[in-house]
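Below you'll find the structure, written out as structure tokens, and then a few comments.
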Amino acid sequence: MQKNPITQILVCGFVALICLVFLINAWSLPPGTFEPLGSGPVPLVTAAIVIICCLVIIIGQARILFRGGQIERQFRMEFMTRSPYGPLVTLGLTVVYVTALDLKVASFGIITCVFLTILISALENFRLKSLLPAFIVAVIVSFGVEYMFTNVFVVDLPA
Amino acid sequence: MDLSALSTAILQILTPWSFFMLFIGTLLGIVVGAIPGLTGAMLIALTLPLTFYMEPFNAVVLLIAMYVGAISGGLITATLMRMPGTPASVMTTFDGYPMARSGRPGRALGLGITASFVGGLIAWGVLLTITKPLSILATRFGPFEYFTLIMMAMVLIASVSEGSMVKGLISGLLGMLVSMPGVDPASGMPRLTFDWYLLNGGLQLLPVLIGTFAVSQIIADTFDVQKKPERAEVANDRVLMSFRDLKKNAVNMIRSSFIGTGIGILPGIGASIGSVVAYTTAKNVSKTPEKFGTGSEEGIIASEAANNATVGGALIPLIAMGIPGSVIDAILIGALTIHSIQPGPTLFLTNNDIVWAMIATCLLANILMFVLMTSSVRHIASMIYLPRSFVLPVVAMFCVVGSYALNNTMFDVWVMLLFGVIGFMLERAKIPLGPFVIGFVLAPLAEEKLRSGLMMTAGDISPVVTRPFPLAFTIIAVVLLIWPFWTDYKRKRDAKSD
């Protein structure tokens, strides 16, 4: 038995929602003119089966959750036992990094160097001892990659 | 068997540039496979952009060498840190780590390396022997044969997925669904694009792959980024297995290798399942099953022989039918497509050199893996202790570069990030990611075959049950679908009657 019913319900709900959007969109697709199937039925059936499977999981997990009572305790157990600091910082800084590249705020090397320095330091909880190594690694990796990709592999880089 | 083509491919790989690809691929594969949190799938997905401007031959050599190396490298972490470097090495942790803790890390690694080598060789023998006959058989497959084969593969993947079968189905079908936006190949009209022009080209495999496998893993790994692993020292000179050991463990090694190869051949099932089945079988037939889990030599050998054997096994359906034998094979299909090579039964005719490059690399990378691991396992092992707070941000940067390089568009980078979050969420809900990627790769082929089949029969679906192969595939799929529910029902009924 899985021990995270709330997570499973939320994720399956989210997946079902995505599939519902696809299903509604597929419903409005015109039927095929020179072939029997057309472009709509395959996504339609696929989305419908995923929604049914998600409902099976949601109902099963909801029964487990409500049978046990203690929803608040379960919520704490699933979401509050581990600090989300690492994932949130990583995801947040990566989104900022990609936005900066998309807006071409500076060159790839500079943006990447700043990103790596901040992210490595953040994951090291901004310990003073780690700041210099983080900066050195960031400089070597970012400008090294920029040089390698543009001059050796001849692959374009963002920004 | 075309031995002259094989020897030509081997000689070509031994030229300086191709050999460099083989060497760097195997070495990188071993190192990445050994670093917890980094996987072979991640490495290959991130390396794909670098291969865009390579000759397809060298690109294939590099990627297959990485595949072989990555599956083998997981052994090091599993033995020294009780953390499987790759999911394929989970079973090795049960006996490798206790043996290492009891003061014999060199012995544990030696057994694993030799078993990996033997497993790889046996699987390569099977790959060499049956791929061509199977591809000849597959050329007789029509659209309905292909469609039902893919459906059977999807059900098979779902049924052996970690967690429940329903979750495997959700993952596989969701992967199929998100591959569908874009211009409909039959009508030429946009579908599921929500009137957004950026979606007209559909979602590309590479950003979806990098997001699902690499970014989601990075996010998950940052939960306990500060955790320091336990350290076990190892010397290079004690890792070679003696001839007496080889003789003593030959039966287990050969049996596990064949199990791994057989499971590798089954579409969509990777090395993890192969090692689990081989380990369980070895335990069941062992004279000392009580030693399993406490540092059993048989356990290490079974797990490692089988997981390496799945590499060769999994390449068989990829080459012969264009069906991925594992997640990494799904990425390899993407790589071949990027290089304008269509995997499938006609591959022997259209790209004979590429097929033989794959087969020859499988052999040479396996030999090189053995040499590299026995000679320098101590140095490779020291790399697994690199602080993850430094490694993960660098990998994140490579994810961005890798996604961008495909089409030089930031849209792909955002897609990669989105699928990173989706992959992380799915993993948190214990929904396996393997079926998702395989579904994503196989859906266009499945739909194309179904629709062309229906066009040929004017909408008549009956060939699914009137032709022998489609009928067999359909029956297997239905049995696989019903089986878990039936056993569950029987178990509940028996519990009630007790």
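Each chain in the structure tokens gets a letter, A, B, ..., in the order shown, and its residues are numbered from 1; ligands are numbered from 1 in order too.
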
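Residues in contact with stretch 59-73 of chain A at up to 9 Å, not including ones fewer than 2 positions away on its chain and judged by only C-alpha atoms, are Gln2, Asn4, Pro5, Ile6, Gln8, Ile9, Cys54, Leu55, Val56, Ile57, Phe75, Arg76, Met77 and Glu78 of chain A.
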
Checklist line | Check: which chain A residues lie within 7 Å of chain B using only C-alpha atoms, as a ChimeraX atom specification | finding: /A:7-8,11,22,25-26,35-37,39,43,46-47,50,53,84,86-87,90-91,102,116,119-120,123-124,153,155-158

Pick out the residues sitting within 9 Å of B:Leu205, and hand them over as a PDB file with N, CA and C atoms, in the first residue's frame; count only C-alpha atoms, and ignore anything fewer than 6 positions along from it in its own chain.
```pdb
ATOM      1  N   SER B 179       2.127  13.368 -26.859  1.00  0.00           N
ATOM      2  CA  SER B 179       2.860  13.339 -28.135  1.00  0.00           C
ATOM      3  C   SER B 179       1.940  13.729 -29.292  1.00  0.00           C
ATOM      4  N   ILE B 331      15.174   6.580 -25.993  1.00  0.00           N
ATOM      5  CA  ILE B 331      15.990   7.766 -26.287  1.00  0.00           C
ATOM      6  C   ILE B 331      16.849   7.510 -27.532  1.00  0.00           C
ATOM      7  N   GLY B 334      14.946   8.109 -30.547  1.00  0.00           N
ATOM      8  CA  GLY B 334      14.919   9.550 -30.803  1.00  0.00           C
ATOM      9  C   GLY B 334      16.211  10.008 -31.466  1.00  0.00           C
ATOM     10  N   VAL B 437       7.699   7.865 -21.163  1.00  0.00           N
ATOM     11  CA  VAL B 437       8.602   8.150 -22.282  1.00  0.00           C
ATOM     12  C   VAL B 437       8.384   7.162 -23.425  1.00  0.00           C
ATOM     13  N   PHE B 440       5.336   8.085 -25.207  1.00  0.00           N
ATOM     14  CA  PHE B 440       5.581   9.281 -26.023  1.00  0.00           C
ATOM     15  C   PHE B 440       6.253   8.919 -27.350  1.00  0.00           C
ATOM     16  N   VAL B 441       7.200   7.979 -27.273  1.00  0.00           N
ATOM     17  CA  VAL B 441       7.942   7.587 -28.488  1.00  0.00           C
ATOM     18  C   VAL B 441       7.070   6.726 -29.408  1.00  0.00           C
TER      19      VAL B 441
END
```

Checklist line | Residue neighbourhood B:Tyr97, 12 Å, only C-alpha atoms, exclusion window fewer than 2 positions, as a count of residues only | finding: 40

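Shortest separation to B:Asp412 among B:Thr8, B:Gln204, B:Ser497, B:Ser159 occurs at residue B:Gln204, atoms counted being only C-alpha atoms.
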
Checklist line | Atomic separation - atom CA of B:Ala34 relative to atom CA of B:Met383, Å | finding: 8.2 Å

Margin query: Let's see if you can do this: from backbone DSSP, list all alpha helix (DSSP H) residues in chain A, as an NGL selection string.
Written below: :A and (5-27 or 41-68 or 71-79 or 85-102 or 108-123 or 128-147)

Check: Hey, what's within 12 Å of B:Lys248 if we count only C-alpha atoms and toss same-chain stuff fewer than 6 positions away? As a PyMOL selection string, please?
Finding: chain B and resi 111+241-242+254+297-298+301

Using C-alpha atoms, can you export the residues from the last selection as a CSV table (one decimal), in the first residue's frame?
```
chain,number,residue,atom,x,y,z
B,111,LEU,CA,32.4,-10.3,-8.8
B,241,MET,CA,38.1,-12.7,-10.3
B,242,SER,CA,40.0,-15.9,-10.3
B,254,ILE,CA,25.0,-17.9,-17.5
B,297,GLU,CA,28.3,-13.8,-3.9
B,298,GLU,CA,25.5,-15.4,-5.9
B,301,ILE,CA,26.6,-12.1,-9.7
```

Next item on the list: Using atom CA of B:Ile44 and atom CA of B:Met358 as the two end points, give the distance in Å to one decimal.
Entry: 14.8 Å

Next item on the list: Write out as an NGL selection string which residues come within 12 Å of A:Ser142 when counting only C-alpha atoms, dropping same-chain ones fewer than 4 positions away.
Entry: (:A and (107-117 or 134-138 or 146-149 or 157)) or (:B and (393-398 or 401))

Those selected residues, please, written with C-alpha atoms and delivered as a PDB file, in the first residue's frame.
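File part07.pdb, as written:
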```
ATOM      1  CA  SER A 107      25.648  36.737 -22.641  1.00  0.00           C
ATOM      2  CA  PHE A 108      25.223  33.010 -21.910  1.00  0.00           C
ATOM      3  CA  GLY A 109      28.514  32.834 -20.003  1.00  0.00           C
ATOM      4  CA  ILE A 110      27.685  35.698 -17.648  1.00  0.00           C
ATOM      5  CA  ILE A 111      24.101  34.622 -16.924  1.00  0.00           C
ATOM      6  CA  THR A 112      25.219  31.020 -16.358  1.00  0.00           C
ATOM      7  CA  CYS A 113      28.083  32.074 -14.108  1.00  0.00           C
ATOM      8  CA  VAL A 114      25.726  34.098 -11.899  1.00  0.00           C
ATOM      9  CA  PHE A 115      23.165  31.283 -11.878  1.00  0.00           C
ATOM     10  CA  LEU A 116      25.676  28.599 -10.909  1.00  0.00           C
ATOM     11  CA  THR A 117      27.325  30.715  -8.208  1.00  0.00           C
ATOM     12  CA  ALA A 134      31.173  27.846  -5.960  1.00  0.00           C
ATOM     13  CA  PHE A 135      32.408  30.906  -7.831  1.00  0.00           C
ATOM     14  CA  ILE A 136      35.453  29.093  -9.243  1.00  0.00           C
ATOM     15  CA  VAL A 137      33.353  26.138 -10.451  1.00  0.00           C
ATOM     16  CA  ALA A 138      30.783  28.547 -11.924  1.00  0.00           C
ATOM     17  CA  GLU A 146      30.377  28.673 -23.797  1.00  0.00           C
ATOM     18  CA  TYR A 147      33.760  28.277 -25.468  1.00  0.00           C
ATOM     19  CA  MET A 148      33.357  24.534 -26.155  1.00  0.00           C
ATOM     20  CA  PHE A 149      29.870  24.802 -27.626  1.00  0.00           C
ATOM     21  CA  LEU A 157      23.650  28.646 -27.138  1.00  0.00           C
TER      22      LEU A 157
ATOM     23  CA  PRO B 393      23.377  22.900 -10.715  1.00  0.00           C
ATOM     24  CA  VAL B 394      25.878  22.042 -13.451  1.00  0.00           C
ATOM     25  CA  VAL B 395      23.581  19.272 -14.707  1.00  0.00           C
ATOM     26  CA  ALA B 396      20.657  21.746 -14.627  1.00  0.00           C
ATOM     27  CA  MET B 397      22.677  24.086 -16.855  1.00  0.00           C
ATOM     28  CA  PHE B 398      23.354  21.233 -19.297  1.00  0.00           C
ATOM     29  CA  VAL B 401      21.702  23.887 -23.185  1.00  0.00           C
TER      30      VAL B 401
END
```

Check: B:Gly274: which residues within 12 Å, counting only C-alpha atoms, same-chain residues fewer than 5 positions away excluded, as a PyMOL selection string?
Finding: chain B and resi 87-91+119+160+255-266+268-269+279-281+302-311+313-314+325-326

Next item on the list: Could you jot down the atom CA of B:Ala278 to atom CA of B:Val118 separation for me, Å, one decimal place?
Entry: 14.2 Å

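Distance check against A:Leu93 using only C-alpha atoms: of A:Leu17, A:Ala106, A:Met80, A:Ala122, the minimum falls on A:Ala122.
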